[in-house]
>>> print(open('start.pdb').read())   # PDB, C-alpha atoms
ATOM      1  CA  MET A   1     -59.887-101.845   9.639
ATOM      2  CA  PRO A   2     -58.635-104.370   7.073
ATOM      3  CA  GLU A   3     -55.435-103.501   5.242
ATOM      4  CA  LEU A   4     -56.257-101.844   1.930
ATOM      5  CA  ARG A   5     -54.813-103.132  -1.334
ATOM      6  CA  LYS A   6     -52.706-100.474  -2.995
ATOM      7  CA  PRO A   7     -52.182 -98.648  -5.278
ATOM      8  CA  TYR A   8     -55.547 -96.948  -5.734
ATOM      9  CA  LEU A   9     -57.700 -95.868  -8.653
ATOM     10  CA  LEU A  10     -59.734 -92.873  -7.443
ATOM     11  CA  TYR A  11     -63.390 -92.782  -8.462
ATOM     12  CA  LEU A  12     -65.104 -89.386  -8.821
ATOM     13  CA  GLY A  13     -68.559 -90.558  -9.893
ATOM     14  CA  ASP A  14     -70.453 -87.615 -11.368
ATOM     15  CA  CYS A  15     -68.868 -85.042  -9.047
ATOM     16  CA  GLN A  16     -69.734 -81.392  -9.763
ATOM     17  CA  GLN A  17     -68.228 -79.658  -6.717
ATOM     18  CA  PRO A  18     -64.474 -79.767  -5.928
ATOM     19  CA  THR A  19     -65.172 -79.774  -2.191
ATOM     20  CA  ASP A  20     -67.140 -83.020  -2.608
ATOM     21  CA  ALA A  21     -63.959 -84.666  -3.951
ATOM     22  CA  LYS A  22     -61.940 -83.982  -0.801
ATOM     23  CA  THR A  23     -61.208 -87.698  -0.325
ATOM     24  CA  ALA A  24     -59.660 -87.913  -3.795
ATOM     25  CA  TYR A  25     -57.674 -84.703  -3.305
ATOM     26  CA  GLY A  26     -56.480 -85.848   0.106
ATOM     27  CA  LEU A  27     -55.202 -89.179  -1.180
ATOM     28  CA  ARG A  28     -53.587 -87.516  -4.193
ATOM     29  CA  ASP A  29     -51.770 -84.992  -2.009
ATOM     30  CA  TRP A  30     -50.804 -87.067   1.047
ATOM     31  CA  CYS A  31     -50.066 -90.528  -0.358
ATOM     32  CA  PRO A  32     -49.254 -89.877  -4.036
ATOM     33  CA  ASP A  33     -47.121 -93.018  -4.341
ATOM     34  CA  ASN A  34     -50.240 -95.087  -3.672
ATOM     35  CA  VAL A  35     -52.431 -93.468  -6.360
ATOM     36  CA  LEU A  36     -52.375 -94.475 -10.046
ATOM     37  CA  GLY A  37     -55.166 -92.447 -11.622
ATOM     38  CA  GLU A  38     -58.774 -91.281 -11.631
ATOM     39  CA  TRP A  39     -62.024 -92.448 -13.224
ATOM     40  CA  SER A  40     -65.473 -90.890 -13.389
ATOM     41  CA  LEU A  41     -68.767 -90.793 -15.231
ATOM     42  CA  PRO A  42     -68.869 -88.625 -18.395
ATOM     43  CA  SER A  43     -71.099 -86.106 -16.585
ATOM     44  CA  ALA A  44     -68.471 -85.342 -13.927
ATOM     45  CA  THR A  45     -66.974 -81.853 -14.145
ATOM     46  CA  VAL A  46     -64.338 -82.262 -11.415
ATOM     47  CA  ARG A  47     -60.875 -83.562 -12.330
ATOM     48  CA  ILE A  48     -57.929 -83.875  -9.936
ATOM     49  CA  GLY A  49     -55.113 -83.934 -12.475
ATOM     50  CA  LEU A  50     -54.280 -87.637 -12.510
ATOM     51  CA  PRO A  51     -54.163 -89.968 -15.528
ATOM     52  CA  ARG A  52     -57.640 -91.040 -16.562
ATOM     53  CA  LEU A  53     -57.769 -94.838 -16.345
ATOM     54  CA  SER A  54     -60.629 -97.272 -16.660
ATOM     55  CA  PRO A  55     -60.798 -99.967 -13.965
ATOM     56  CA  ALA A  56     -59.452-102.510 -16.458
ATOM     57  CA  ASP A  57     -56.563-100.203 -17.401
ATOM     58  CA  ALA A  58     -55.770 -99.537 -13.752
ATOM     59  CA  ALA A  59     -55.831-103.251 -12.917
ATOM     60  CA  ALA A  60     -53.448-103.927 -15.794
ATOM     61  CA  ARG A  61     -51.066-101.366 -14.278
ATOM     62  CA  GLY A  62     -51.166-103.071 -10.886
ATOM     63  CA  ALA A  63     -53.959-101.258  -9.029
ATOM     64  CA  GLY A  64     -55.402-103.091  -6.049
ATOM     65  CA  SER A  65     -58.474-101.038  -5.195
ATOM     66  CA  LEU A  66     -60.985 -98.604  -6.612
ATOM     67  CA  VAL A  67     -61.491 -95.954  -3.921
ATOM     68  CA  ILE A  68     -64.605 -93.795  -3.984
ATOM     69  CA  GLY A  69     -63.056 -90.333  -3.777
ATOM     70  CA  ILE A  70     -66.258 -88.477  -2.917
ATOM     71  CA  ALA A  71     -67.449 -87.221   0.459
ATOM     72  CA  SER A  72     -70.810 -85.763  -0.525
ATOM     73  CA  VAL A  73     -73.577 -84.374   1.658
ATOM     74  CA  GLY A  74     -75.422 -87.316   3.193
ATOM     75  CA  GLY A  75     -72.801 -89.836   2.083
ATOM     76  CA  GLN A  76     -75.064 -91.750  -0.312
ATOM     77  CA  VAL A  77     -73.879 -94.130  -3.040
ATOM     78  CA  PRO A  78     -76.250 -93.480  -5.964
ATOM     79  CA  ASP A  79     -77.458 -96.276  -8.215
ATOM     80  CA  ARG A  80     -75.905 -94.601 -11.268
ATOM     81  CA  TRP A  81     -72.421 -95.407  -9.876
ATOM     82  CA  ILE A  82     -73.106 -99.136  -9.601
ATOM     83  CA  PRO A  83     -72.098-100.112 -13.173
ATOM     84  CA  ASP A  84     -68.663 -98.498 -12.687
ATOM     85  CA  LEU A  85     -68.234-100.238  -9.326
ATOM     86  CA  GLU A  86     -69.219-103.543 -10.910
ATOM     87  CA  ALA A  87     -66.665-102.919 -13.676
ATOM     88  CA  ALA A  88     -63.973-102.429 -11.032
ATOM     89  CA  ILE A  89     -64.953-105.681  -9.359
ATOM     90  CA  ALA A  90     -64.886-107.495 -12.703
ATOM     91  CA  ALA A  91     -61.369-106.147 -13.262
ATOM     92  CA  GLY A  92     -60.271-107.727  -9.986
ATOM     93  CA  LEU A  93     -60.180-104.575  -7.859
ATOM     94  CA  ASP A  94     -61.401-104.275  -4.293
ATOM     95  CA  VAL A  95     -63.894-101.434  -3.883
ATOM     96  CA  VAL A  96     -63.221 -99.120  -0.941
ATOM     97  CA  SER A  97     -65.759 -96.580   0.289
ATOM     98  CA  GLY A  98     -65.947 -94.038   3.071
ATOM     99  CA  MET A  99     -69.580 -93.187   2.370
ATOM    100  CA  HIS A 100     -72.389 -93.625   4.888
ATOM    101  CA  THR A 101     -74.184 -96.009   2.530
ATOM    102  CA  ARG A 102     -72.603 -99.435   2.914
ATOM    103  CA  LEU A 103     -71.345-101.116  -0.233
ATOM    104  CA  THR A 104     -72.633-104.353   1.264
ATOM    105  CA  SER A 105     -76.185-102.984   1.074
ATOM    106  CA  PHE A 106     -76.145-103.543  -2.714
ATOM    107  CA  PRO A 107     -76.852-107.237  -3.438
ATOM    108  CA  THR A 108     -75.425-107.024  -6.959
ATOM    109  CA  LEU A 109     -72.100-105.715  -5.620
ATOM    110  CA  VAL A 110     -71.977-108.402  -2.943
ATOM    111  CA  ALA A 111     -72.650-111.117  -5.509
ATOM    112  CA  ALA A 112     -70.088-109.705  -7.948
ATOM    113  CA  ALA A 113     -67.417-109.420  -5.262
ATOM    114  CA  LYS A 114     -67.989-113.025  -4.227
ATOM    115  CA  ARG A 115     -67.871-114.161  -7.840
ATOM    116  CA  HIS A 116     -64.573-112.385  -8.581
ATOM    117  CA  GLY A 117     -62.932-112.985  -5.202
ATOM    118  CA  VAL A 118     -62.513-109.325  -4.196
ATOM    119  CA  ARG A 119     -63.567-107.297  -1.175
ATOM    120  CA  LEU A 120     -66.042-104.532  -0.474
ATOM    121  CA  VAL A 121     -64.458-102.369   2.226
ATOM    122  CA  ASP A 122     -66.658 -99.857   4.084
ATOM    123  CA  VAL A 123     -64.021 -97.770   5.852
ATOM    124  CA  ARG A 124     -66.551 -95.649   7.695
ATOM    125  CA  HIS A 125     -68.214 -98.540   9.451
ATOM    126  CA  SER A 126     -66.866-100.602  12.326
ATOM    127  CA  ASP A 127     -68.205-103.251  14.673
ATOM    128  CA  GLN A 128     -66.204-101.732  17.539
ATOM    129  CA  VAL A 129     -68.243-100.716  20.590
ATOM    130  CA  PHE A 130     -67.206 -97.434  22.186
ATOM    131  CA  PRO A 131     -67.738 -96.278  25.781
ATOM    132  CA  ALA A 132     -69.308 -93.030  26.872
ATOM    133  CA  GLY A 133     -66.849 -90.215  27.473
ATOM    134  CA  THR A 134     -65.372 -89.887  30.946
ATOM    135  CA  GLY A 135     -63.723 -86.462  30.785
ATOM    136  CA  ARG A 136     -60.720 -87.951  32.608
ATOM    137  CA  LYS A 137     -57.502 -85.999  32.067
ATOM    138  CA  ARG A 138     -55.124 -88.100  29.982
ATOM    139  CA  SER A 139     -51.349 -87.853  29.824
ATOM    140  CA  GLY A 140     -49.712 -86.447  26.727
ATOM    141  CA  LEU A 141     -50.416 -83.330  24.676
ATOM    142  CA  ARG A 142     -53.225 -82.767  22.173
ATOM    143  CA  ILE A 143     -53.870 -80.376  19.310
ATOM    144  CA  ALA A 144     -57.279 -80.339  17.621
ATOM    145  CA  THR A 145     -58.060 -78.699  14.306
ATOM    146  CA  VAL A 146     -61.464 -77.026  14.239
ATOM    147  CA  GLY A 147     -63.255 -75.133  11.496
ATOM    148  CA  THR A 148     -65.676 -72.393  10.620
ATOM    149  CA  ASP A 149     -67.225 -74.829   8.117
ATOM    150  CA  CYS A 150     -66.786 -78.274   6.570
ATOM    151  CA  ALA A 151     -64.278 -79.145   3.823
ATOM    152  CA  LEU A 152     -61.882 -76.215   4.252
ATOM    153  CA  GLY A 153     -58.635 -77.710   5.501
ATOM    154  CA  LYS A 154     -58.913 -79.382   8.918
ATOM    155  CA  LYS A 155     -57.404 -82.647   7.672
ATOM    156  CA  TYR A 156     -54.674 -80.919   5.621
ATOM    157  CA  THR A 157     -53.823 -78.743   8.612
ATOM    158  CA  ALA A 158     -53.605 -81.713  10.997
ATOM    159  CA  LEU A 159     -51.373 -83.650   8.595
ATOM    160  CA  ALA A 160     -49.156 -80.634   7.961
ATOM    161  CA  LEU A 161     -48.898 -79.914  11.704
ATOM    162  CA  THR A 162     -47.844 -83.497  12.349
ATOM    163  CA  ASN A 163     -45.139 -83.276   9.684
ATOM    164  CA  ALA A 164     -43.961 -79.898  10.979
ATOM    165  CA  LEU A 165     -43.697 -81.257  14.538
ATOM    166  CA  HIS A 166     -41.663 -84.211  13.261
ATOM    167  CA  ALA A 167     -39.364 -81.780  11.429
ATOM    168  CA  ARG A 168     -38.688 -80.028  14.741
ATOM    169  CA  GLY A 169     -37.851 -83.336  16.455
ATOM    170  CA  ALA A 170     -41.101 -83.608  18.400
ATOM    171  CA  LYS A 171     -43.023 -86.831  18.929
ATOM    172  CA  ALA A 172     -46.386 -86.562  17.172
ATOM    173  CA  THR A 173     -49.152 -88.791  15.796
ATOM    174  CA  PHE A 174     -51.874 -87.839  13.345
ATOM    175  CA  ARG A 175     -55.198 -89.137  14.657
ATOM    176  CA  ALA A 176     -57.639 -89.654  11.797
ATOM    177  CA  THR A 177     -61.352 -89.094  12.393
ATOM    178  CA  GLY A 178     -62.683 -89.242   8.817
ATOM    179  CA  GLN A 179     -62.607 -91.674   5.952
ATOM    180  CA  THR A 180     -59.856 -89.947   3.980
ATOM    181  CA  GLY A 181     -57.607 -89.562   6.985
ATOM    182  CA  ILE A 182     -58.081 -93.232   7.823
ATOM    183  CA  MET A 183     -57.099 -94.217   4.272
ATOM    184  CA  ILE A 184     -53.984 -92.036   4.544
ATOM    185  CA  ALA A 185     -52.954 -93.026   8.074
ATOM    186  CA  GLY A 186     -54.045 -96.656   7.946
ATOM    187  CA  SER A 187     -55.965 -96.355  11.208
ATOM    188  CA  GLY A 188     -58.453 -94.129  12.982
ATOM    189  CA  ILE A 189     -62.142 -93.811  13.824
ATOM    190  CA  ALA A 190     -64.801 -92.364  11.516
ATOM    191  CA  ILE A 191     -66.344 -90.157  14.171
ATOM    192  CA  ASP A 192     -69.453 -89.206  12.219
ATOM    193  CA  ALA A 193     -70.482 -92.878  12.045
ATOM    194  CA  VAL A 194     -70.391 -93.280  15.850
ATOM    195  CA  ILE A 195     -73.674 -93.200  17.808
ATOM    196  CA  ALA A 196     -74.026 -89.709  19.275
ATOM    197  CA  ASP A 197     -73.860 -90.753  22.939
ATOM    198  CA  PHE A 198     -70.438 -92.329  22.376
ATOM    199  CA  ILE A 199     -68.650 -89.747  20.178
ATOM    200  CA  ALA A 200     -66.707 -88.299  23.114
ATOM    201  CA  GLY A 201     -65.796 -91.787  24.294
ATOM    202  CA  ALA A 202     -64.603 -92.761  20.820
ATOM    203  CA  ALA A 203     -62.395 -89.654  20.754
ATOM    204  CA  GLU A 204     -60.898 -90.705  24.088
ATOM    205  CA  VAL A 205     -60.149 -94.163  22.643
ATOM    206  CA  LEU A 206     -58.609 -92.554  19.557
ATOM    207  CA  SER A 207     -56.219 -90.452  21.660
ATOM    208  CA  PRO A 208     -55.239 -92.473  24.749
ATOM    209  CA  ASP A 209     -52.686 -91.761  27.470
ATOM    210  CA  ASN A 210     -49.244 -91.100  26.040
ATOM    211  CA  ASP A 211     -45.780 -89.789  26.929
ATOM    212  CA  PRO A 212     -45.888 -86.338  28.524
ATOM    213  CA  ASP A 213     -44.049 -84.780  25.564
ATOM    214  CA  HIS A 214     -46.006 -86.595  22.838
ATOM    215  CA  PHE A 215     -48.471 -84.668  20.641
ATOM    216  CA  ASP A 216     -51.644 -86.231  19.294
ATOM    217  CA  VAL A 217     -52.824 -84.083  16.368
ATOM    218  CA  ILE A 218     -56.539 -84.749  16.044
ATOM    219  CA  GLU A 219     -58.289 -84.232  12.720
ATOM    220  CA  GLY A 220     -61.375 -82.071  13.160
ATOM    221  CA  GLN A 221     -64.818 -82.796  11.737
ATOM    222  CA  GLY A 222     -67.728 -80.534  10.876
ATOM    223  CA  SER A 223     -68.166 -77.145  12.496
ATOM    224  CA  LEU A 224     -69.851 -75.731  15.583
ATOM    225  CA  PHE A 225     -71.713 -73.414  13.225
ATOM    226  CA  HIS A 226     -73.081 -76.096  10.910
ATOM    227  CA  PRO A 227     -76.795 -76.805  11.403
ATOM    228  CA  ALA A 228     -76.365 -80.506  10.558
ATOM    229  CA  TYR A 229     -72.921 -81.464  11.885
ATOM    230  CA  ALA A 230     -72.304 -79.346  14.981
ATOM    231  CA  GLY A 231     -73.131 -82.308  17.220
ATOM    232  CA  VAL A 232     -70.277 -84.359  15.767
ATOM    233  CA  THR A 233     -67.901 -81.417  16.224
ATOM    234  CA  LEU A 234     -68.871 -80.903  19.836
ATOM    235  CA  GLY A 235     -68.551 -84.550  20.850
ATOM    236  CA  LEU A 236     -65.164 -84.830  19.147
ATOM    237  CA  LEU A 237     -63.965 -81.641  20.826
ATOM    238  CA  HIS A 238     -65.002 -82.817  24.296
ATOM    239  CA  GLY A 239     -63.442 -86.264  23.902
ATOM    240  CA  SER A 240     -60.253 -84.940  22.299
ATOM    241  CA  GLN A 241     -59.665 -82.710  25.328
ATOM    242  CA  PRO A 242     -57.220 -80.506  23.378
ATOM    243  CA  ASP A 243     -54.519 -78.417  24.964
ATOM    244  CA  TRP A 244     -54.500 -76.262  21.817
ATOM    245  CA  ILE A 245     -56.919 -75.686  18.997
ATOM    246  CA  VAL A 246     -56.070 -74.460  15.503
ATOM    247  CA  LEU A 247     -58.945 -72.703  13.749
ATOM    248  CA  CYS A 248     -59.272 -73.450  10.015
ATOM    249  CA  HIS A 249     -61.045 -71.028   7.684
ATOM    250  CA  ASP A 250     -61.650 -70.182   4.032
ATOM    251  CA  PRO A 251     -61.923 -66.379   3.687
ATOM    252  CA  THR A 252     -64.096 -66.664   0.565
ATOM    253  CA  ARG A 253     -66.950 -68.212   2.531
ATOM    254  CA  THR A 254     -69.441 -65.958   4.238
ATOM    255  CA  THR A 255     -72.076 -68.648   4.814
ATOM    256  CA  ILE A 256     -71.976 -72.371   5.517
ATOM    257  CA  GLU A 257     -71.480 -74.244   2.251
ATOM    258  CA  TYR A 258     -74.858 -75.365   0.807
ATOM    259  CA  ARG A 259     -76.573 -73.495   3.687
ATOM    260  CA  PRO A 260     -76.868 -69.857   2.533
ATOM    261  CA  ASP A 261     -79.123 -68.936   5.456
ATOM    262  CA  PHE A 262     -76.386 -69.730   7.998
ATOM    263  CA  PRO A 263     -73.666 -67.055   8.141
ATOM    264  CA  ILE A 264     -70.146 -67.856   9.295
ATOM    265  CA  PRO A 265     -69.386 -65.737  12.375
ATOM    266  CA  PRO A 266     -66.416 -63.375  12.669
ATOM    267  CA  LEU A 267     -63.231 -65.279  13.491
ATOM    268  CA  SER A 268     -62.971 -63.731  16.950
ATOM    269  CA  GLU A 269     -66.457 -65.000  17.755
ATOM    270  CA  ALA A 270     -65.677 -68.426  16.294
ATOM    271  CA  VAL A 271     -62.564 -68.691  18.474
ATOM    272  CA  ALA A 272     -64.494 -67.649  21.585
ATOM    273  CA  GLN A 273     -67.187 -70.254  20.996
ATOM    274  CA  TYR A 274     -64.691 -73.036  20.330
ATOM    275  CA  LEU A 275     -62.678 -72.218  23.432
ATOM    276  CA  GLN A 276     -65.825 -72.065  25.559
ATOM    277  CA  ALA A 277     -66.917 -75.486  24.292
ATOM    278  CA  ALA A 278     -63.453 -77.020  24.717
ATOM    279  CA  ARG A 279     -63.190 -75.787  28.316
ATOM    280  CA  ILE A 280     -65.828 -78.332  29.320
ATOM    281  CA  THR A 281     -63.085 -80.990  29.387
ATOM    282  CA  ASN A 282     -59.894 -78.897  29.464
ATOM    283  CA  ARG A 283     -60.091 -75.507  31.121
ATOM    284  CA  ALA A 284     -56.505 -74.728  30.084
ATOM    285  CA  VAL A 285     -57.164 -74.993  26.316
ATOM    286  CA  ARG A 286     -55.598 -72.259  24.167
ATOM    287  CA  LEU A 287     -55.697 -71.035  20.591
ATOM    288  CA  ALA A 288     -52.390 -71.887  18.886
ATOM    289  CA  GLY A 289     -53.079 -70.223  15.550
ATOM    290  CA  VAL A 290     -55.275 -69.933  12.505
ATOM    291  CA  SER A 291     -54.874 -72.038   9.350
ATOM    292  CA  ILE A 292     -56.183 -70.392   6.196
ATOM    293  CA  ASN A 293     -56.963 -71.727   2.742
ATOM    294  CA  SER A 294     -55.582 -68.659   0.947
ATOM    295  CA  SER A 295     -55.721 -70.059  -2.589
ATOM    296  CA  SER A 296     -58.185 -67.354  -3.660
ATOM    297  CA  LEU A 297     -55.903 -64.499  -2.531
ATOM    298  CA  SER A 298     -53.040 -62.853  -4.390
ATOM    299  CA  ASP A 299     -49.696 -62.567  -2.631
ATOM    300  CA  ASN A 300     -50.426 -58.984  -1.552
ATOM    301  CA  GLU A 301     -53.964 -59.839  -0.448
ATOM    302  CA  TRP A 302     -52.708 -62.819   1.526
ATOM    303  CA  ALA A 303     -50.006 -60.770   3.257
ATOM    304  CA  ALA A 304     -52.514 -58.086   4.257
ATOM    305  CA  TYR A 305     -55.127 -60.619   5.404
ATOM    306  CA  ARG A 306     -52.577 -62.617   7.406
ATOM    307  CA  THR A 307     -51.334 -59.491   9.193
ATOM    308  CA  ARG A 308     -54.812 -58.216   9.979
ATOM    309  CA  VAL A 309     -56.110 -61.498  11.413
ATOM    310  CA  SER A 310     -52.900 -62.133  13.364
ATOM    311  CA  GLU A 311     -53.102 -58.705  14.984
ATOM    312  CA  GLU A 312     -56.793 -59.181  15.754
ATOM    313  CA  LEU A 313     -56.416 -62.610  17.384
ATOM    314  CA  GLY A 314     -52.855 -62.383  18.700
ATOM    315  CA  VAL A 315     -51.698 -65.691  17.174
ATOM    316  CA  PRO A 316     -49.869 -66.804  14.009
ATOM    317  CA  VAL A 317     -51.938 -67.031  10.837
ATOM    318  CA  CYS A 318     -50.626 -69.522   8.267
ATOM    319  CA  ASP A 319     -51.506 -71.487   5.157
ATOM    320  CA  PRO A 320     -50.174 -75.091   5.276
ATOM    321  CA  LEU A 321     -49.667 -75.060   1.508
ATOM    322  CA  ARG A 322     -48.295 -71.508   1.281
ATOM    323  CA  GLY A 323     -45.470 -71.070   3.722
ATOM    324  CA  GLY A 324     -46.229 -73.890   6.142
ATOM    325  CA  LEU A 325     -47.272 -73.991   9.777
ATOM    326  CA  ASP A 326     -43.947 -73.572  11.568
ATOM    327  CA  PRO A 327     -45.059 -70.420  13.456
ATOM    328  CA  ILE A 328     -47.960 -72.380  14.944
ATOM    329  CA  VAL A 329     -45.630 -75.251  15.856
ATOM    330  CA  SER A 330     -43.426 -72.729  17.673
ATOM    331  CA  VAL A 331     -46.438 -71.757  19.801
ATOM    332  CA  VAL A 332     -47.237 -75.315  20.877
ATOM    333  CA  LEU A 333     -43.562 -76.044  21.520
ATOM    334  CA  GLY A 334     -43.388 -72.938  23.691
ATOM    335  CA  VAL A 335     -40.682 -71.190  21.707
ATOM    336  CA  SER A 336     -42.707 -68.399  20.101
TER     337      SER A 336
END
>>> encode(input="start.pdb", output="structure tokens")
Amino acid sequence: MPELRKPYLLYLGDCQQPTDAKTAYGLRDWCPDNVLGEWSLPSATVRIGLPRLSPADAAARGAGSLVIGIASVGGQVPDRWIPDLEAAIAAGLDVVSGMHTRLTSFPTLVAAAKRHGVRLVDVRHSDQVFPAGTGRKRSGLRIATVGTDCALGKKYTALALTNALHARGAKATFRATGQTGIMIAGSGIAIDAVIADFIAGAAEVLSPDNDPDHFDVIEGQGSLFHPAYAGVTLGLLHGSQPDWIVLCHDPTRTTIEYRPDFPIPPLSEAVAQYLQAARITNRAVRLAGVSINSSSLSDNEWAAYRTRVSEELGVPVCDPLRGGLDPIVSVVLGVS
């Protein structure tokens, strides 16, 4: 992946759902020094709390790139965004996208970028050829974040786990598997853009042999219970070959987001299904803990929920943004 020009102006398009802006939120929260502001169409209802800057204003303040901060269903770049992207190009900014639609598929953007001497960077797409998965046991230790649904904290949990392991003196590397994680980490593989037969192999490439005491913390994608994206989840799980999984969940969701006919199973059932799937390539896989987005719960509600789920599953239950993940780190370090 080419090196991205920083700092960033985050583009929200006409975003109506906060979960669709997870790329913008992730960059704001995990690399704040590299983010100058946000820009969107007037019809957008989502704001992420940064200064509102036009592309020209951002360029004047030293911005290097306009980053599309949306990760919407289907990953399309709609035509109504094109004038704003052209304005960014005219201001001298690179345009960076993690969407499935390639920026280079728009002739007007290609021509404008050539005219102004800037780049169109499609982070999700790579010319790299991946092998099929082998299932071979690799050296080193691996933790995979998995979820009951999409967009509920798998990336945040993986990043927070990596930081918490570093704080305890452990060797750990965050392995990015989505566009936002790649923008944060500077490397990785966009797993959902890999041909299905080679997802497991790409995950093996992402997390190669390492020192016996080194942890690869692998960002999860999708959900086993999602009717559209379960295949990505399964291939990533098999290729990651985790020694531990951390289940991520939002207690306010009872059905898959945007799929009201697909209920989210009880957490005990979700854990059982994930462990069964993961045992295909690592029969010793274990549940290390549960990571919860508890933002909808009061302090008392969160305390009661945490206790109940911990007693039910027999593992620590944490929120990475509300107390941290140190109890889960203690499990994987064997000191719980």
>>> closest_residue(input="start.pdb", among="A:Ile68, A:Leu297, A:Ala90, A:Leu4", to="Gly186 (chain A)", atoms="all atoms listed in the file")
A:Leu4
>>> closest_atom_pairs(input="start.pdb", of="region 4-106 of chain A", to="region 118-137 of chain A", cutoff="8 Å", atoms="only C-alpha atoms", output="Markdown table")
| residue | atom | partner | partner_atom | distance |
| --- | --- | --- | --- | --- |
| A:Ile89 | CA | A:Val118 | CA | 6.8 |
| A:Gly92 | CA | A:Val118 | CA | 6.4 |
| A:Leu93 | CA | A:Val118 | CA | 6.4 |
| A:Asp94 | CA | A:Arg119 | CA | 4.9 |
| A:Val95 | CA | A:Leu120 | CA | 5.1 |
| A:Val96 | CA | A:Val121 | CA | 4.7 |
| A:Ser97 | CA | A:Asp122 | CA | 5.1 |
| A:Gly98 | CA | A:Arg124 | CA | 4.9 |
| A:Met99 | CA | A:Arg124 | CA | 6.6 |
| A:His100 | CA | A:Arg124 | CA | 6.8 |
| A:Arg102 | CA | A:Asp122 | CA | 6.1 |
| A:Leu103 | CA | A:Leu120 | CA | 6.3 |
| A:Thr104 | CA | A:Leu120 | CA | 6.8 |
>>> atom_distance(input="start.pdb", atom1="CA of Glu219 (chain A)", atom2="CA of Leu9 (chain A)")
24.3 Å
>>> residues_around(input="start.pdb", residues="region 22-32 of chain A", least_positions_apart="5", cutoff="12 Å", atoms="only C-alpha atoms", output="PyMOL selection string")
chain A and resi 6-13+15+17+37-40+46-51+66-73+96-99+150-160+163+178-186+321
>>> closest_residue(input="start.pdb", among="A:Ala277, A:Leu161, A:Val232, A:Ser65", to="Gly289 (chain A)", atoms="all atoms listed in the file")
A:Leu161
>>> resolve_selection(input="start.pdb", expression="the PyMOL selection byres ((chain A and resi 295) around 9)", output="PyMOL selection string")
chain A and resi 250+292-294+296-298+302+319+321-322
>>> atom_distance(input="start.pdb", atom1="CA of Val331 (chain A)", atom2="CA of Leu237 (chain A)")
20.1 Å
>>> axis_aligned_box(input="start.pdb", around="region 155-159 of chain A", padding_each_side="6 Å", output="AutoDock Vina command-line options")
--center_x -54.4 --center_y -81.2 --center_z 8.3 --size_x 18.0 --size_y 16.9 --size_z 17.4
>>> closest_residue(input="start.pdb", among="A:Gly147, A:Pro55, A:Pro78, A:Pro327", to="His226 (chain A)", atoms="all atoms listed in the file")
A:Gly147
>>> atom_distance(input="start.pdb", atom1="CA of Ser291 (chain A)", atom2="CA of Pro316 (chain A)")
8.6 Å
>>> residues_near_point(input="start.pdb", point="(-59.9, -75.2, 13.0)", cutoff="7 Å", atoms="only C-alpha atoms", output="PyMOL selection string")
chain A and resi 145-148+154+245-249+291
>>> write_last_selection(input="start.pdb", atoms="C-alpha atoms", output="mmCIF file, in the frame of the given file")
data_model
loop_
_atom_site.group_PDB
_atom_site.id
_atom_site.type_symbol
_atom_site.label_atom_id
_atom_site.label_comp_id
_atom_site.auth_asym_id
_atom_site.auth_seq_id
_atom_site.Cartn_x
_atom_site.Cartn_y
_atom_site.Cartn_z
ATOM 1 C CA THR A 145 -58.060 -78.699 14.306
ATOM 2 C CA VAL A 146 -61.464 -77.026 14.239
ATOM 3 C CA GLY A 147 -63.255 -75.133 11.496
ATOM 4 C CA THR A 148 -65.676 -72.393 10.620
ATOM 5 C CA LYS A 154 -58.913 -79.382 8.918
ATOM 6 C CA ILE A 245 -56.919 -75.686 18.997
ATOM 7 C CA VAL A 246 -56.070 -74.460 15.503
ATOM 8 C CA LEU A 247 -58.945 -72.703 13.749
ATOM 9 C CA CYS A 248 -59.272 -73.450 10.015
ATOM 10 C CA HIS A 249 -61.045 -71.028 7.684
ATOM 11 C CA SER A 291 -54.874 -72.038 9.350
#
>>> closest_residue(input="start.pdb", among="A:Gln221, A:Ser139, A:Arg283, A:Tyr305", to="Thr252 (chain A)", atoms="only C-alpha atoms")
A:Tyr305
>>> residues_around(input="start.pdb", residues="Ala288 (chain A)", least_positions_apart="2", cutoff="12 Å", atoms="all atoms listed in the file", output="compact mmCIF listing (two decimals) with C-alpha atoms, in the frame of the given file")
# COMPACT_ATOMS: atom_id res chain seq x y z
CA ARG A 142 -53.22 -82.77 22.17
CA ILE A 143 -53.87 -80.38 19.31
CA ALA A 144 -57.28 -80.34 17.62
CA THR A 145 -58.06 -78.70 14.31
CA VAL A 146 -61.46 -77.03 14.24
CA LEU A 161 -48.90 -79.91 11.70
CA PRO A 242 -57.22 -80.51 23.38
CA ASP A 243 -54.52 -78.42 24.96
CA TRP A 244 -54.50 -76.26 21.82
CA ILE A 245 -56.92 -75.69 19.00
CA VAL A 246 -56.07 -74.46 15.50
CA LEU A 247 -58.94 -72.70 13.75
CA CYS A 248 -59.27 -73.45 10.02
CA VAL A 271 -62.56 -68.69 18.47
CA LEU A 275 -62.68 -72.22 23.43
CA VAL A 285 -57.16 -74.99 26.32
CA ARG A 286 -55.60 -72.26 24.17
CA VAL A 290 -55.28 -69.93 12.50
CA SER A 291 -54.87 -72.04 9.35
CA SER A 310 -52.90 -62.13 13.36
CA LEU A 313 -56.42 -62.61 17.38
CA GLY A 314 -52.86 -62.38 18.70
CA VAL A 315 -51.70 -65.69 17.17
CA PRO A 316 -49.87 -66.80 14.01
CA VAL A 317 -51.94 -67.03 10.84
CA CYS A 318 -50.63 -69.52 8.27
CA LEU A 325 -47.27 -73.99 9.78
CA ASP A 326 -43.95 -73.57 11.57
CA PRO A 327 -45.06 -70.42 13.46
CA ILE A 328 -47.96 -72.38 14.94
CA VAL A 329 -45.63 -75.25 15.86
CA SER A 330 -43.43 -72.73 17.67
CA VAL A 331 -46.44 -71.76 19.80
CA VAL A 332 -47.24 -75.32 20.88
CA LEU A 333 -43.56 -76.04 21.52
CA GLY A 334 -43.39 -72.94 23.69
CA SER A 336 -42.71 -68.40 20.10
